[in-house]
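Here's the structure we're looking at; comments come further down.
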Amino acid sequence: MISDKELVELAIKAKEKAIPTYSNFHVGAALLTEDEKIIIGANIENASYGLTICAERTAVFKALLDGERKFKSIAIAGDSDDYITPCGACRQILIEFCGNNLDVIMINKKGDFIKKKMNDLLPYSFGGDFLK
Ligand code: THU
């Protein structure tokens with residue numbers, strides 16, 4: 001059983017994989033599947049800034065391509081004094097592919113962390129049910 005603390009350490013380590021060419025702000029993520037697999041992600045920036053992809057989304061997309069569909073939690077580490085929180089675009093991806101019960105562990109640069117449910121980070125979300 002992977003502990004929150006272990007997932008936090010993996011997210012912090014994943015920051016080393018970031019390619020933050022323009023902001024120099026390193027972000028790492030560690031996504032835990034229901035059957036306890038871990039997929040890491042990191043932010044990758046682009047000279048056309050809007051094409052940048054966040055750590056959370058690289059982790060989710062890697063996991064989906066590997067066939068993973070059920071997730072327990074994600075830990076996110078940044079270089080900020082405050083606990084890093086997922087951006088709006090990542091919240092939409094996380095709630096759709098990982099569910100509103102996902103535990104989101106947000107870490108500050110000292111390595112302290114807080115944990116919230118995805119539904120608390122994106123209440124009243126838009127989803128596929130609206131399109132039926
Ligand atoms: N970033 C993430 O990777 N995740 C977040 O939760 C917030 C922001 C990245 C995007 C960009 O590469 C850099 O941090 C500055 O916004």
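Simple scheme: letters A, B, ... for chains in structure tokens order, numbers from 1 for residues in each chain, numbers from 1 for ligands in the order shown.
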
Tell me, counting only C-alpha atoms, for each residue of stretch 6-60 of chain A within 9 Å of stretch 89-93 of chain A, which pair of atoms is nearest and how far apart they are in Å to one decimal, in rows ordered by chain and increasing number, as a tab-separated table.
```
residue	atom	partner	partner_atom	distance
A:Cys54	CA	A:Cys90	CA	7.4
A:Ala55	CA	A:Cys90	CA	9.0
A:Glu56	CA	A:Cys90	CA	6.5
A:Arg57	CA	A:Cys90	CA	6.1
A:Val60	CA	A:Ile93	CA	8.0
```

Could you write out that same residue set with N, CA and C atoms as a compact mmCIF listing (two decimals), in the first residue's frame?
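out.txt, freshly written:
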```txt
# COMPACT_ATOMS: atom_id res chain seq x y z
N CYS A 54 1.01 20.91 -18.44
CA CYS A 54 1.30 20.81 -17.00
C CYS A 54 1.67 19.38 -16.60
N ALA A 55 2.28 19.28 -15.44
CA ALA A 55 2.70 18.00 -14.89
C ALA A 55 1.52 17.03 -14.72
N GLU A 56 0.40 17.57 -14.23
CA GLU A 56 -0.75 16.71 -13.97
C GLU A 56 -1.25 16.07 -15.26
N ARG A 57 -1.32 16.89 -16.32
CA ARG A 57 -1.85 16.35 -17.57
C ARG A 57 -0.88 15.37 -18.23
N VAL A 60 -1.60 12.12 -16.42
CA VAL A 60 -2.90 11.51 -16.76
C VAL A 60 -2.86 10.93 -18.18
```

Please give me, as number ranges by chain, the residues lying within 6 Å of ligand 1 when counting only C-alpha atoms and all ligand atoms. A: 20, 23, 25, 27, 43-45, 52, 54-55, 85-87

Preceding selection exported with C-alpha atoms as a CSV table (one decimal), in the first residue's frame:
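Listed below is the output, out14.csv:
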```csv
chain,number,residue,atom,x,y,z
A,20,PRO,CA,10.3,24.5,-17.8
A,23,SER,CA,9.2,29.9,-16.5
A,25,PHE,CA,9.1,26.7,-12.5
A,27,VAL,CA,6.4,20.9,-11.4
A,43,ASN,CA,5.6,20.1,-17.0
A,44,ILE,CA,6.9,20.6,-20.5
A,45,GLU,CA,7.0,24.1,-21.9
A,52,THR,CA,2.8,24.2,-22.6
A,54,CYS,CA,1.3,20.8,-17.0
A,55,ALA,CA,2.7,18.0,-14.9
A,85,THR,CA,-2.9,23.7,-6.8
A,86,PRO,CA,-3.9,22.3,-10.3
A,87,CYS,CA,-4.8,24.9,-12.9
```

DSSP strand (DSSP E or B) residues within stretch 3-122 of chain A, listed as number ranges by chain: A: 19, 28-33, 38-42, 44, 53, 71-77, 103-107, 113-117

Return as an mmCIF file with C-alpha atoms, in the first residue's frame the full set of residues in stretch 32-114 of chain A whose backbone-based DSSP assignment is alpha helix (DSSP H).
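This is the output file result.cif:
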```cif
data_model
loop_
_atom_site.group_PDB
_atom_site.id
_atom_site.type_symbol
_atom_site.label_atom_id
_atom_site.label_comp_id
_atom_site.auth_asym_id
_atom_site.auth_seq_id
_atom_site.Cartn_x
_atom_site.Cartn_y
_atom_site.Cartn_z
ATOM 1 C CA ALA A 55 2.703 17.996 -14.889
ATOM 2 C CA GLU A 56 -0.753 16.708 -13.968
ATOM 3 C CA ARG A 57 -1.854 16.345 -17.574
ATOM 4 C CA THR A 58 1.348 14.617 -18.716
ATOM 5 C CA ALA A 59 0.793 12.048 -15.942
ATOM 6 C CA VAL A 60 -2.896 11.506 -16.764
ATOM 7 C CA PHE A 61 -2.309 11.199 -20.508
ATOM 8 C CA LYS A 62 0.596 8.775 -20.020
ATOM 9 C CA ALA A 63 -1.578 6.655 -17.742
ATOM 10 C CA LEU A 64 -4.516 6.638 -20.158
ATOM 11 C CA LEU A 65 -2.280 5.591 -23.040
ATOM 12 C CA GLY A 88 -8.298 25.112 -14.276
ATOM 13 C CA ALA A 89 -7.495 23.102 -17.406
ATOM 14 C CA CYS A 90 -5.938 20.311 -15.334
ATOM 15 C CA ARG A 91 -8.937 20.269 -12.966
ATOM 16 C CA GLN A 92 -11.213 19.590 -15.928
ATOM 17 C CA ILE A 93 -8.989 16.725 -17.133
ATOM 18 C CA LEU A 94 -8.546 15.299 -13.634
ATOM 19 C CA ILE A 95 -12.256 15.272 -12.807
ATOM 20 C CA GLU A 96 -13.214 13.725 -16.131
ATOM 21 C CA PHE A 97 -10.602 10.979 -16.235
ATOM 22 C CA CYS A 98 -9.873 10.361 -12.550
#
```

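Taking atom CA of A:Ile84 and atom CA of A:Ile105 as the two end points, the separation is 9.1 Å.
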
Exercise: A:Ala30 partners within 10 Å, only C-alpha atoms, chain neighbours under 4 positions left out, as a list of chain:residue names: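 Listed by chain and then number, they are A:Glu6, A:Leu7, A:Val8, A:Glu9, A:Leu10, A:Ala11, A:Ile12, A:Lys13, A:Ala14, A:Lys15, A:Lys37, A:Ile38, A:Ile39, A:Ile40, A:Gly41, A:Ala42, A:Ala55, A:Glu56, A:Ala59, A:Val60, A:Ser73, A:Ile74, A:Ala75, A:Ile76, A:Ala77, A:Ile105.
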
Spatial neighbours of A:Glu34, max dist 7 Å, only C-alpha atoms, sep filter under 2 positions, as a list in words: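 Within the cut-off, the hits are Leu32, Glu36, Lys70, Phe71 and Lys72 of chain A.
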
To one decimal place, how far is atom CA of A:Ala47 from atom CA of A:Glu16 in Å? 20.0 Å

For A:Lys17, which residue among A:Phe130, A:Ala29, A:Lys115, A:Met1 is the nearest when counting only C-alpha atoms?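 Between A:Phe130, A:Ala29, A:Lys115, A:Met1, the residue approaching A:Lys17 most closely is A:Ala29.
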
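Among A:Gly78, A:Gly50, A:Gly67, A:Gly128, the residue with the shortest atom-to-atom distance to A:Asn108, counting only C-alpha atoms, is A:Gly78.
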
Would you mind telling me which residue in A:Pro123, A:Ile53, A:Lys132, A:Asp82 lies nearest to A:Gly28 when using only C-alpha atoms? A:Ile53
